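Peer 1: Next comes the structure file run_17.cif, holding mmCIF, C-alpha atoms.
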data_entry
loop_
_atom_site.label_atom_id
_atom_site.label_comp_id
_atom_site.auth_asym_id
_atom_site.auth_seq_id
_atom_site.Cartn_x
_atom_site.Cartn_y
_atom_site.Cartn_z
CA MET A 1 42.66 -13.76 17.78
CA ASP A 2 39.63 -15.49 16.25
CA ALA A 3 38.60 -12.64 13.94
CA ASP A 4 39.09 -8.95 13.29
CA ALA A 5 35.36 -8.45 13.88
CA ILE A 6 32.57 -10.61 15.27
CA VAL A 7 29.00 -9.68 14.38
CA VAL A 8 26.39 -10.94 16.83
CA GLY A 9 23.06 -11.27 15.06
CA GLY A 10 22.18 -12.11 11.46
CA GLY A 11 19.29 -9.75 10.78
CA LEU A 12 19.44 -7.08 8.09
CA ALA A 13 21.66 -4.75 10.13
CA GLY A 14 24.08 -7.49 11.09
CA LEU A 15 24.35 -8.83 7.55
CA VAL A 16 25.04 -5.36 6.08
CA SER A 17 27.65 -4.54 8.69
CA ALA A 18 29.36 -7.92 8.24
CA ALA A 19 29.39 -7.63 4.45
CA ARG A 20 30.73 -4.08 4.50
CA LEU A 21 33.49 -4.93 6.98
CA ALA A 22 34.58 -7.92 4.94
CA GLU A 23 34.47 -5.91 1.73
CA ALA A 24 36.82 -3.45 3.43
CA GLY A 25 39.31 -6.27 4.06
CA ALA A 26 38.44 -7.37 7.61
CA ASP A 27 38.29 -10.99 8.76
CA VAL A 28 34.66 -11.28 9.92
CA THR A 29 32.67 -13.94 11.76
CA LEU A 30 28.88 -13.65 12.10
CA LEU A 31 27.01 -15.51 14.84
CA GLU A 32 23.25 -16.10 14.59
CA ARG A 33 21.28 -18.00 17.24
CA ARG A 34 18.53 -19.16 14.86
CA PRO A 35 19.01 -21.89 12.25
CA ARG A 36 18.85 -19.26 9.48
CA VAL A 37 19.80 -15.62 9.13
CA GLY A 38 17.19 -12.91 8.59
CA GLY A 39 16.08 -11.79 12.03
CA ARG A 40 12.53 -10.47 11.87
CA VAL A 41 12.56 -10.53 8.05
CA ARG A 42 11.92 -14.15 7.22
CA SER A 43 9.47 -16.41 5.39
CA ARG A 44 8.26 -19.97 5.65
CA ASP A 45 6.29 -22.48 3.59
CA VAL A 46 2.96 -23.67 4.99
CA ASP A 47 1.05 -26.12 2.79
CA GLY A 48 2.55 -24.58 -0.33
CA PHE A 49 1.87 -20.97 0.74
CA THR A 50 4.73 -18.53 1.26
CA LEU A 51 4.14 -16.73 4.55
CA ASP A 52 6.33 -13.87 5.72
CA ARG A 53 6.75 -13.27 9.44
CA GLY A 54 3.74 -10.97 9.62
CA PHE A 55 2.78 -8.67 6.79
CA GLN A 56 5.95 -6.94 5.58
CA VAL A 57 6.76 -4.89 2.49
CA LEU A 58 9.74 -3.19 0.89
CA PHE A 59 9.67 0.53 0.03
CA THR A 60 11.70 0.63 -3.17
CA SER A 61 12.64 4.31 -2.84
CA TYR A 62 14.42 3.93 0.48
CA PRO A 63 18.01 5.15 -0.10
CA ALA A 64 19.51 2.24 1.82
CA VAL A 65 17.57 -0.22 -0.34
CA ALA A 66 19.19 1.19 -3.47
CA ARG A 67 22.58 1.19 -1.74
CA GLU A 68 22.60 -2.27 -0.18
CA LEU A 69 20.31 -4.44 -2.33
CA ASP A 70 20.10 -5.62 -5.92
CA THR A 71 16.38 -4.99 -6.32
CA GLY A 72 16.40 -6.40 -9.85
CA ALA A 73 17.58 -9.76 -8.55
CA LEU A 74 14.83 -9.74 -5.91
CA ASP A 75 12.22 -10.05 -8.67
CA LEU A 76 9.87 -7.61 -6.98
CA ARG A 77 6.08 -7.66 -7.23
CA THR A 78 4.53 -4.25 -6.67
CA PHE A 79 1.28 -3.06 -5.14
CA SER A 80 -0.85 -0.48 -6.93
CA PRO A 81 -0.44 3.00 -5.42
CA GLY A 82 -2.83 4.07 -2.69
CA ALA A 83 -5.47 1.84 -1.15
CA THR A 84 -9.15 0.96 -1.17
CA ILE A 85 -11.20 2.41 1.68
CA CYS A 86 -13.80 -0.17 2.68
CA ARG A 87 -16.96 -0.27 4.75
CA PRO A 88 -20.08 -2.44 4.51
CA GLY A 89 -21.54 -2.06 1.03
CA SER A 90 -18.84 0.38 -0.12
CA ARG A 91 -15.34 0.33 -1.63
CA ALA A 92 -13.64 3.58 -2.64
CA VAL A 93 -10.20 3.78 -4.30
CA LEU A 94 -7.78 6.50 -3.22
CA SER A 95 -4.69 6.49 -5.42
CA ASP A 96 -1.79 8.77 -6.33
CA PRO A 97 -2.78 10.66 -9.49
CA LEU A 98 0.85 11.44 -10.29
CA ARG A 99 1.94 7.81 -10.13
CA GLU A 100 -1.25 6.21 -11.45
CA PRO A 101 -2.94 8.57 -13.92
CA THR A 102 -5.45 5.90 -14.91
CA ALA A 103 -6.99 6.08 -11.43
CA VAL A 104 -7.45 9.88 -11.42
CA ILE A 105 -11.20 9.84 -12.03
CA GLU A 106 -11.85 6.97 -9.62
CA SER A 107 -9.86 8.73 -6.88
CA ALA A 108 -11.47 12.09 -7.60
CA LEU A 109 -14.91 10.51 -7.13
CA ASN A 110 -13.89 8.88 -3.85
CA HIS A 111 -16.60 9.95 -1.40
CA GLU A 112 -14.68 8.95 1.73
CA VAL A 113 -12.18 11.82 1.46
CA PRO A 114 -13.10 15.48 0.71
CA PHE A 115 -11.70 16.91 -2.52
CA SER A 116 -9.94 19.64 -0.52
CA ASP A 117 -7.93 16.95 1.28
CA LYS A 118 -6.89 15.44 -2.04
CA LEU A 119 -5.49 18.82 -3.08
CA ARG A 120 -3.89 19.25 0.33
CA THR A 121 -2.21 15.85 -0.09
CA LEU A 122 -0.54 17.05 -3.30
CA ALA A 123 0.65 20.18 -1.48
CA LEU A 124 2.09 18.06 1.32
CA ARG A 125 3.80 15.83 -1.21
CA TYR A 126 5.44 18.86 -2.84
CA ASP A 127 6.53 20.26 0.52
CA LEU A 128 8.18 17.02 1.60
CA SER A 129 9.85 16.54 -1.77
CA LYS A 130 12.00 19.62 -1.08
CA ARG A 131 13.35 18.22 2.19
CA ALA A 132 16.91 16.89 2.28
CA GLU A 133 17.39 13.26 3.34
CA ASP A 134 19.29 14.17 6.51
CA GLU A 135 16.63 16.61 7.71
CA PHE A 136 14.10 14.00 8.80
CA PHE A 137 15.51 12.06 11.75
CA ALA A 138 18.80 13.77 12.59
CA GLY A 139 18.40 15.33 16.00
CA SER A 140 14.64 14.90 15.78
CA GLY A 141 13.06 16.24 18.93
CA SER A 142 9.57 16.88 17.62
CA ASP A 143 6.82 16.60 20.20
CA ALA A 144 4.03 16.32 17.60
CA THR A 145 2.13 13.13 16.83
CA ILE A 146 0.96 12.14 13.36
CA ARG A 147 -2.57 13.15 14.31
CA GLU A 148 -1.43 16.58 15.51
CA TYR A 149 0.71 17.04 12.41
CA LEU A 150 -2.21 16.33 10.07
CA SER A 151 -4.44 18.67 12.07
CA ASP A 152 -1.86 21.44 11.73
CA TRP A 153 -1.91 20.86 7.98
CA GLY A 154 -5.67 21.28 7.99
CA PHE A 155 -6.71 17.77 6.98
CA SER A 156 -10.30 16.86 7.77
CA SER A 157 -11.41 14.23 10.26
CA ASP A 158 -12.82 12.19 7.36
CA TYR A 159 -9.38 11.98 5.73
CA VAL A 160 -7.69 11.07 9.00
CA GLU A 161 -10.26 8.52 10.19
CA ASN A 162 -11.13 6.86 6.89
CA PHE A 163 -7.68 6.70 5.29
CA VAL A 164 -4.75 7.63 7.53
CA GLU A 165 -5.81 5.69 10.63
CA PRO A 166 -6.03 2.27 8.93
CA PHE A 167 -3.26 2.93 6.39
CA TYR A 168 -0.71 4.17 8.93
CA GLY A 169 -2.05 1.70 11.43
CA GLY A 170 -0.47 -0.84 9.09
CA ILE A 171 2.83 1.04 8.84
CA THR A 172 3.32 2.12 12.46
CA LEU A 173 1.08 -0.54 14.06
CA ASP A 174 -0.55 2.39 15.83
CA ARG A 175 -4.03 3.30 14.62
CA SER A 176 -4.26 6.02 17.28
CA LEU A 177 -1.66 7.97 15.23
CA SER A 178 0.36 8.73 18.36
CA THR A 179 3.61 7.91 16.55
CA ALA A 180 6.08 10.73 15.89
CA GLU A 181 5.25 12.89 12.89
CA THR A 182 8.70 12.30 11.36
CA VAL A 183 7.79 8.68 10.61
CA PHE A 184 4.77 9.88 8.64
CA GLU A 185 6.78 12.50 6.76
CA TYR A 186 9.55 10.11 5.74
CA THR A 187 7.32 7.22 4.68
CA PHE A 188 4.84 9.49 2.91
CA ARG A 189 7.69 10.92 0.82
CA ALA A 190 9.06 7.43 0.17
CA MET A 191 5.71 6.24 -1.18
CA SER A 192 5.45 9.23 -3.49
CA ARG A 193 8.89 8.43 -4.93
CA GLY A 194 8.66 4.69 -5.38
CA SER A 195 6.62 1.54 -4.97
CA ILE A 196 5.60 -0.81 -2.19
CA ALA A 197 6.66 -4.33 -3.12
CA VAL A 198 7.47 -7.86 -2.02
CA PRO A 199 10.00 -10.24 -3.58
CA ALA A 200 8.43 -13.03 -5.63
CA GLU A 201 9.99 -15.62 -3.31
CA GLY A 202 8.98 -13.86 -0.09
CA MET A 203 10.62 -11.27 2.15
CA ALA A 204 13.26 -13.82 3.18
CA ALA A 205 14.83 -13.20 -0.23
CA ILE A 206 16.19 -9.93 1.17
CA PRO A 207 18.38 -11.36 3.96
CA GLU A 208 19.26 -14.31 1.72
CA GLN A 209 20.69 -11.88 -0.81
CA LEU A 210 22.60 -10.03 1.90
CA ALA A 211 23.92 -13.33 3.29
CA GLU A 212 25.18 -14.30 -0.16
CA ARG A 213 26.87 -10.92 -0.47
CA ALA A 214 28.50 -11.41 2.94
CA ALA A 215 29.68 -14.92 2.05
CA ASP A 216 31.14 -13.69 -1.24
CA ALA A 217 33.09 -11.09 0.73
CA GLY A 218 34.51 -13.80 2.99
CA VAL A 219 32.28 -13.59 6.06
CA GLU A 220 32.21 -16.81 8.07
CA VAL A 221 28.58 -17.38 9.13
CA HIS A 222 27.69 -19.65 12.06
CA THR A 223 24.02 -20.31 12.78
CA GLY A 224 22.66 -21.93 15.93
CA GLU A 225 25.16 -20.00 18.06
CA ASP A 226 23.65 -18.28 21.10
CA VAL A 227 25.76 -15.48 22.62
CA GLU A 228 25.59 -15.10 26.39
CA ALA A 229 27.86 -12.10 26.95
CA VAL A 230 30.22 -9.59 25.35
CA ASP A 231 33.20 -8.39 27.41
CA VAL A 232 35.72 -5.70 26.58
CA GLY A 233 39.44 -6.05 27.23
CA SER A 234 40.22 -2.50 28.34
CA GLY A 235 40.84 -1.98 32.03
CA GLY A 236 42.44 -5.40 32.44
CA ARG A 237 39.23 -7.47 32.48
CA PHE A 238 41.00 -9.91 30.16
CA ARG A 239 43.81 -10.14 27.68
CA LEU A 240 43.41 -11.61 24.25
CA GLY A 241 45.41 -14.65 23.17
CA SER A 242 49.15 -14.89 23.61
CA GLY A 243 50.89 -11.93 22.13
CA GLY A 244 47.56 -10.21 21.43
CA PRO A 245 46.72 -6.62 22.30
CA ALA A 246 45.13 -5.77 25.64
CA ASP A 247 42.28 -3.90 24.01
CA GLY A 248 39.70 -6.02 22.28
CA ALA A 249 36.44 -7.84 22.94
CA ARG A 250 35.44 -11.35 23.93
CA VAL A 251 32.22 -13.09 23.01
CA GLU A 252 30.99 -15.80 25.39
CA LEU A 253 28.77 -18.47 23.82
CA ALA A 254 26.01 -20.42 25.53
CA ASP A 255 28.01 -23.66 25.19
CA GLY A 256 30.85 -22.16 27.24
CA LYS A 257 33.20 -21.40 24.35
CA THR A 258 34.69 -17.94 23.87
CA LEU A 259 35.82 -16.00 20.80
CA ASP A 260 38.14 -13.00 20.75
CA ALA A 261 38.12 -10.13 18.27
CA ARG A 262 39.43 -6.63 17.84
CA CYS A 263 35.82 -5.41 17.59
CA VAL A 264 32.32 -6.79 18.17
CA VAL A 265 29.18 -5.56 16.40
CA VAL A 266 26.04 -6.27 18.43
CA ALA A 267 23.17 -6.58 15.95
CA THR A 268 20.54 -8.35 18.04
CA THR A 269 17.00 -7.41 19.08
CA PRO A 270 16.72 -4.33 21.33
CA PRO A 271 16.18 -6.29 24.58
CA GLU A 272 19.12 -8.58 23.83
CA ALA A 273 21.34 -5.65 22.82
CA ARG A 274 20.60 -3.92 26.14
CA LYS A 275 21.59 -7.08 27.99
CA LEU A 276 24.82 -7.59 26.05
CA THR A 277 26.02 -3.97 26.04
CA GLY A 278 24.39 -2.28 29.02
CA VAL A 279 23.41 0.72 26.88
CA GLY A 280 20.33 2.09 28.62
CA SER A 281 19.12 4.23 25.73
CA ILE A 282 18.26 1.18 23.61
CA PRO A 283 14.43 1.23 23.52
CA GLU A 284 12.61 -1.43 25.52
CA SER A 285 8.98 -0.71 24.60
CA GLY A 286 7.70 -2.74 21.69
CA VAL A 287 4.57 -2.51 19.55
CA PRO A 288 2.75 -5.79 18.87
CA ASN A 289 1.19 -7.10 15.70
CA VAL A 290 -0.91 -10.08 14.71
CA THR A 291 -1.14 -11.20 11.09
CA ALA A 292 -3.64 -13.90 10.18
CA TRP A 293 -3.15 -15.63 6.84
CA PHE A 294 -6.29 -16.82 5.05
CA SER A 295 -6.92 -18.69 1.82
CA LEU A 296 -9.89 -19.15 -0.48
CA PRO A 297 -10.71 -22.17 -2.66
CA GLU A 298 -8.82 -22.72 -5.88
CA ARG A 299 -9.72 -20.31 -8.68
CA SER A 300 -11.93 -18.21 -6.44
CA SER A 301 -12.77 -14.91 -8.07
CA PHE A 302 -11.36 -12.15 -5.92
CA SER A 303 -9.80 -9.01 -7.37
CA THR A 304 -8.75 -5.83 -5.55
CA GLY A 305 -6.66 -4.12 -8.22
CA LYS A 306 -3.56 -5.06 -6.17
CA ARG A 307 -4.50 -2.58 -3.45
CA ILE A 308 -4.55 -2.89 0.32
CA LEU A 309 -8.10 -2.96 1.70
CA LEU A 310 -8.51 -0.52 4.60
CA ASN A 311 -11.17 -1.04 7.24
CA ALA A 312 -12.85 2.35 7.62
CA ALA A 313 -15.77 0.99 9.67
CA GLY A 314 -13.87 -0.81 12.41
CA GLU A 315 -10.47 -1.85 13.72
CA SER A 316 -10.61 -5.66 13.50
CA PRO A 317 -9.05 -6.36 11.13
CA ASN A 318 -7.20 -3.11 10.54
CA ALA A 319 -6.61 -4.03 6.89
CA VAL A 320 -6.66 -6.98 4.52
CA VAL A 321 -3.88 -7.47 1.99
CA PRO A 322 -4.43 -9.40 -1.27
CA ILE A 323 -0.91 -10.78 -1.17
CA SER A 324 -1.27 -13.48 -3.85
CA GLU A 325 -2.88 -11.02 -6.27
CA VAL A 326 0.29 -8.92 -5.98
CA ALA A 327 2.67 -11.90 -5.96
CA THR A 328 1.06 -15.02 -7.43
CA GLU A 329 4.11 -17.01 -6.32
CA TYR A 330 2.93 -16.77 -2.69
CA ALA A 331 0.05 -19.21 -3.24
CA PRO A 332 -0.34 -22.64 -4.90
CA ARG A 333 -2.92 -23.81 -7.41
CA ASN A 334 -4.48 -20.40 -8.05
CA ARG A 335 -5.71 -20.17 -4.47
CA PRO A 336 -6.05 -16.57 -3.22
CA LEU A 337 -3.93 -15.79 -0.13
CA LEU A 338 -4.93 -12.88 2.10
CA ALA A 339 -3.11 -11.32 5.04
CA ALA A 340 -5.28 -9.63 7.68
CA THR A 341 -3.59 -7.42 10.26
CA PHE A 342 -4.83 -6.97 13.82
CA LEU A 343 -3.39 -4.29 16.12
CA GLY A 344 -2.96 -3.91 19.87
CA GLU A 345 -2.08 -6.13 22.83
CA ALA A 346 -5.54 -7.72 22.96
CA ALA A 347 -5.09 -9.23 19.50
CA LEU A 348 -2.17 -11.32 20.77
CA GLU A 349 -4.55 -13.32 22.96
CA ARG A 350 -7.45 -13.73 20.55
CA ASP A 351 -8.43 -17.14 19.27
CA ALA A 352 -7.65 -17.91 15.61
CA ASP A 353 -11.31 -18.69 14.93
CA ASP A 354 -12.33 -15.28 16.27
CA LEU A 355 -9.80 -13.56 14.02
CA ARG A 356 -11.11 -15.50 11.04
CA GLU A 357 -14.69 -14.56 11.85
CA ASP A 358 -13.76 -10.85 12.04
CA ALA A 359 -12.00 -11.06 8.68
CA ARG A 360 -14.86 -13.05 7.10
CA GLU A 361 -17.47 -10.58 8.36
CA ALA A 362 -15.49 -7.57 7.13
CA LEU A 363 -14.86 -9.06 3.68
CA SER A 364 -18.50 -10.10 3.33
CA GLY A 365 -19.55 -6.53 4.04
CA TRP A 366 -17.05 -5.06 1.60
CA TYR A 367 -17.88 -7.59 -1.15
CA PRO A 368 -21.59 -8.38 -0.65
CA GLU A 369 -21.71 -9.81 -4.17
CA ARG A 370 -19.75 -12.87 -3.10
CA GLY A 371 -19.50 -15.11 -0.05
CA PHE A 372 -16.56 -15.79 2.24
CA GLU A 373 -17.84 -18.79 4.20
CA SER A 374 -15.01 -20.85 2.70
CA LEU A 375 -12.33 -18.54 4.12
CA GLU A 376 -9.73 -20.87 5.62
CA THR A 377 -7.04 -20.03 8.18
CA VAL A 378 -3.56 -20.96 6.98
CA ALA A 379 -1.57 -19.61 9.94
CA VAL A 380 -1.50 -16.84 12.54
CA ASP A 381 1.64 -14.84 13.41
CA ARG A 382 1.57 -13.29 16.90
CA ILE A 383 4.48 -10.88 17.29
CA PRO A 384 4.76 -9.14 20.68
CA PHE A 385 7.71 -6.94 19.57
CA ALA A 386 7.11 -6.12 15.91
CA GLN A 387 8.60 -2.61 16.14
CA PHE A 388 10.04 -0.49 18.88
CA ALA A 389 7.63 2.21 20.02
CA GLN A 390 8.19 5.58 18.30
CA PRO A 391 6.38 8.30 20.27
CA PRO A 392 7.24 11.96 19.61
CA GLY A 393 10.80 12.81 20.58
CA VAL A 394 12.06 9.23 20.80
CA HIS A 395 14.42 9.49 17.83
CA ALA A 396 16.48 12.14 19.58
CA THR A 397 17.10 9.70 22.46
CA LEU A 398 18.23 6.67 20.46
CA PRO A 399 21.79 5.38 20.94
CA ASP A 400 24.68 5.99 18.58
CA PRO A 401 26.49 2.96 17.14
CA ASP A 402 29.58 3.63 19.25
CA ASP A 403 27.79 4.15 22.58
CA PRO A 404 28.88 0.82 24.16
CA GLU A 405 32.06 0.66 26.20
CA GLY A 406 35.25 -0.37 24.39
CA PRO A 407 35.48 -1.81 20.87
CA VAL A 408 31.81 -2.74 20.72
CA VAL A 409 29.38 -1.25 18.19
CA LEU A 410 25.59 -1.30 17.91
CA ALA A 411 23.78 -2.20 14.68
CA GLY A 412 20.00 -2.20 14.58
CA GLU A 413 17.05 -0.11 13.50
CA TYR A 414 16.89 1.19 17.08
CA THR A 415 19.86 3.42 16.25
CA GLU A 416 17.85 4.98 13.39
CA TRP A 417 14.09 4.37 13.21
CA SER A 418 11.90 1.29 12.98
CA SER A 419 11.94 0.22 9.34
CA ILE A 420 13.92 -1.73 6.76
CA GLN A 421 15.55 1.58 5.85
CA GLY A 422 16.59 2.02 9.48
CA ALA A 423 18.00 -1.50 9.72
CA LEU A 424 20.01 -1.30 6.49
CA GLU A 425 21.32 2.19 7.25
CA SER A 426 22.31 1.19 10.77
CA GLY A 427 24.35 -1.68 9.35
CA ARG A 428 26.27 0.73 7.13
CA LYS A 429 26.97 3.12 10.00
CA ALA A 430 27.94 0.30 12.34
CA ALA A 431 30.51 -0.97 9.84
CA ALA A 432 31.99 2.52 9.59
CA ALA A 433 32.18 2.76 13.40
CA ALA A 434 33.72 -0.70 13.67
CA ARG A 435 36.42 0.18 11.14
CA GLU A 436 37.58 2.91 13.51
CA HIS A 437 38.43 0.15 16.03
CA LEU A 438 40.25 -1.87 13.39
#
Hey, can you dump this file as structure tokens for me?
Peer 2:
Amino acid sequence: MDADAIVVGGGLAGLVSAARLAEAGADVTLLERRPRVGGRVRSRDVDGFTLDRGFQVLFTSYPAVARELDTGALDLRTFSPGATICRPGSRAVLSDPLREPTAVIESALNHEVPFSDKLRTLALRYDLSKRAEDEFFAGSGSDATIREYLSDWGFSSDYVENFVEPFYGGITLDRSLSTAETVFEYTFRAMSRGSIAVPAEGMAAIPEQLAERAADAGVEVHTGEDVEAVDVGSGGRFRLGSGGPADGARVELADGKTLDARCVVVATTPPEARKLTGVGSIPESGVPNVTAWFSLPERSSFSTGKRILLNAAGESPNAVVPISEVATEYAPRNRPLLAATFLGEAALERDADDLREDAREALSGWYPERGFESLETVAVDRIPFAQFAQPPGVHATLPDPDDPEGPVVLAGEYTEWSSIQGALESGRKAAAAAREHL
């Protein structure tokens, strides 16, 4: 037998499951088809700029983050609470008065959101704070969208259109707010309990830390290994090596080699996991995202107070993120780095120059006191499957880790919900399920 457990996929879920299995004493091999681990959470250097794969952030209050990561070692850089609601000739800060008392007056004077909605937001925060962790997604069968949920709470159209649409458009990649209400509830509570942050060295620092943890526990990591199939040994389809047990699993690699194990954890993308395991409840529908990275000349004066800029007057871009103001390490030579997010299928096909012009026009309207003609495109990330779609009721239909036939286990956010929390938590649960086979 080649290993007690083979983990297919080196994203966050795969790394957590591999580390936990090895820490429990199992002999673990992890196979990743890319040159580096990380899955969708990765970063690259372009002309001295650190660019994540699309705009990504870490919610520090996620329980799985505290459980699986050493956040101190990640050297986190945090955003200011809330956001700035922008339209031509106007910028209005909306912050959390309980987490940022210095912004109370500025938020209270925000003309984009009625004062009654600000009070209602505090009431919602209190209501969600009383909810137990396991009440949010377990057995969730809600048929309400975020928009319907906010309407039931009595929020005004101004609050929804000016703040929630662009802000949650960035979180759910769905400005129509047709995502399940549970996603709003959970993330809203998370933001009230902690910060939104990025590691100083980029989001890739997260899987790099998990990979180091896995290696320290004894996990054998092989990159550049593409898995073609996973077969189970029950029913006589194959027997493991001489003297081995009849029940087990075999991994077939693209180069024709095979590896045998007592258990296999499939921690790939949803489409690949469906192909390898045949589990039909793994979601197929994905939500796209385009992130365009822009820079300004060295020492350009551009300050946002470390807040995300929300586009209240249009949808292109949905928001602009002052990433180098939050984490100066992301940019060289004091050059501001901005990330502009564009939503929907049409954005995937748009020319980079058109995206730049939309961002330049929006910024020029929001900051009429300065020009943005020198806005330069650094790179554009076009991601057709940035999240799996999360319409109302979908979380009740997601697969369990042990749904595949035989000693095969699923690990991926698609067993929980689409988020870093979901990915890390799924890795923990997959390791527990795999131990049952060991």
Peer 1: As an exercise, work out the distance from atom CA of A:Leu375 to atom CA of A:Leu296 in Å and give it to one decimal place.
Peer 2: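 We find that atom CA of A:Leu375 and atom CA of A:Leu296 lie 5.2 Å from each other.
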Peer 1: Residues within 8 Å of A:Phe372, please, as a list in words. Count all atoms listed in the file; anything in the same chain fewer than 5 positions from it doesn't count.
Peer 2: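 Residues meeting the cut-off are Leu296, Arg360, Leu363 and Ser364 of chain A.
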Peer 1: Please return as a PDB file with C-alpha atoms, in the coordinates of the input every residue within 9 Å of (7.3, -1.6, 2.3), taking into account all atoms listed in the file and the file's own coordinates.
Peer 2:
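Output contents, as saved in selection.pdb:
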ATOM      1  CA  GLN A  56       5.950  -6.940   5.580  1.00  0.00           C
ATOM      2  CA  VAL A  57       6.760  -4.890   2.490  1.00  0.00           C
ATOM      3  CA  LEU A  58       9.740  -3.190   0.890  1.00  0.00           C
ATOM      4  CA  PHE A  59       9.670   0.530   0.030  1.00  0.00           C
ATOM      5  CA  THR A  60      11.700   0.630  -3.170  1.00  0.00           C
ATOM      6  CA  ILE A 171       2.830   1.040   8.840  1.00  0.00           C
ATOM      7  CA  MET A 191       5.710   6.240  -1.180  1.00  0.00           C
ATOM      8  CA  SER A 195       6.620   1.540  -4.970  1.00  0.00           C
ATOM      9  CA  ILE A 196       5.600  -0.810  -2.190  1.00  0.00           C
ATOM     10  CA  ALA A 197       6.660  -4.330  -3.120  1.00  0.00           C
ATOM     11  CA  VAL A 198       7.470  -7.860  -2.020  1.00  0.00           C
ATOM     12  CA  SER A 419      11.940   0.220   9.340  1.00  0.00           C
ATOM     13  CA  ILE A 420      13.920  -1.730   6.760  1.00  0.00           C
TER      14      ILE A 420
END
Peer 1: Assuming the chain letters and numbering stay as they are in my file, what does the PyMOL selection byres ((chain A and resi 251-264) around 7) actually select? List them as a compact mmCIF listing (two decimals) with C-alpha atoms, in the frame of the given file.
Peer 2:
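Okay, this is what ended up in part.txt:
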# COMPACT_ATOMS: atom_id res chain seq x y z
CA MET A 1 42.66 -13.76 17.78
CA ASP A 2 39.63 -15.49 16.25
CA ALA A 3 38.60 -12.64 13.94
CA ASP A 4 39.09 -8.95 13.29
CA ALA A 5 35.36 -8.45 13.88
CA ILE A 6 32.57 -10.61 15.27
CA VAL A 7 29.00 -9.68 14.38
CA GLU A 225 25.16 -20.00 18.06
CA ASP A 226 23.65 -18.28 21.10
CA VAL A 227 25.76 -15.48 22.62
CA GLU A 228 25.59 -15.10 26.39
CA ALA A 229 27.86 -12.10 26.95
CA VAL A 230 30.22 -9.59 25.35
CA ASP A 231 33.20 -8.39 27.41
CA LEU A 240 43.41 -11.61 24.25
CA GLY A 248 39.70 -6.02 22.28
CA ALA A 249 36.44 -7.84 22.94
CA ARG A 250 35.44 -11.35 23.93
CA VAL A 265 29.18 -5.56 16.40
CA VAL A 266 26.04 -6.27 18.43
CA PRO A 407 35.48 -1.81 20.87
CA VAL A 408 31.81 -2.74 20.72
CA VAL A 409 29.38 -1.25 18.19
CA ALA A 434 33.72 -0.70 13.67
CA HIS A 437 38.43 0.15 16.03
CA LEU A 438 40.25 -1.87 13.39
Peer 1: If you apply the PyMOL selection byres ((chain A and resi 166) around 9) to this file, what residues do you get, as a PyMOL selection string?
Peer 2: chain A and resi 85+160-165+167-171+174-175+310-312+315+318-319
Peer 1: Would you kindly translate the PyMOL selection byres ((chain A and resi 20-26) around 6) into the concrete residues it picks from this file, as number ranges by chain?
Peer 2: A: 4, 17-19, 27-28, 217, 431
Peer 1: Skipping near chain neighbours, those fewer than 2 positions away, what residues fall within 7 Å of stretch 376-390 of chain A using all atoms listed in the file, listed as an MDAnalysis selection string?
Peer 2: chainID A and resid 53:54 179:180 283 285:296 348 352 356 374 392 394 418
Peer 1: With distances taken over only C-alpha atoms, which residue among A:Val8, A:Phe137, A:Gly344, A:Tyr159 lies nearest A:Gly39?
Peer 2: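 Checking each candidate against A:Gly39, we get A:Val8 as the closest.
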Peer 1: In terms of the shortest atom-to-atom distance over only C-alpha atoms, which of A:Pro332, A:Pro317, A:Pro270, A:Pro322 is closest to A:Asp358?
Peer 2: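 For A:Asp358, the nearest of the given residues is A:Pro317.
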Peer 1: One number please: atom CA of A:Leu424 to atom CA of A:Ala13, in Å, one decimal.
Peer 2: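 Value for the atom CA of A:Leu424-atom CA of A:Ala13 distance: 5.3 Å.
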Peer 1: From the options A:Leu398, A:Ala215, A:Leu124, A:Ala83, which residue's atoms come nearest to A:Asp152, counting all atoms listed in the file?
Peer 2: A:Leu124
Peer 1: I want to know what sits within 9 Å of A:Arg189, based on only C-alpha atoms, with residues of the same chain fewer than 6 positions away left out; could you give that as a ChimeraX atom specification?
Peer 2: /A:125,128-129
Peer 1: Could you name the residues that touch A:Leu74 at 8 Å or less, counting only C-alpha atoms, but leaving out those on the same chain fewer than 4 positions away, as an MDAnalysis selection string?
Peer 2: chainID A and resid 70 199:200 205:206
Peer 1: Which one of A:Arg193, A:Arg44, A:Leu177, A:Asp134 sits closest to A:Leu150 if you count all atoms listed in the file?
Peer 2: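 Residue with the minimum atom-to-atom distance to A:Leu150: A:Leu177.
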Peer 1: Expressed in Å to a single decimal, how great is the separation between atom CA of A:Gly406 and atom CA of A:Val232?
Peer 2: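 So the answer is 5.8 Å.
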Peer 1: I want to know what sits within 12 Å of A:Thr182, based on all atoms listed in the file, with residues of the same chain fewer than 5 positions away left out; could you give that as an MDAnalysis selection string?
Peer 2: chainID A and resid 128 131 133:150 172 177 187:189 390:396 416:418
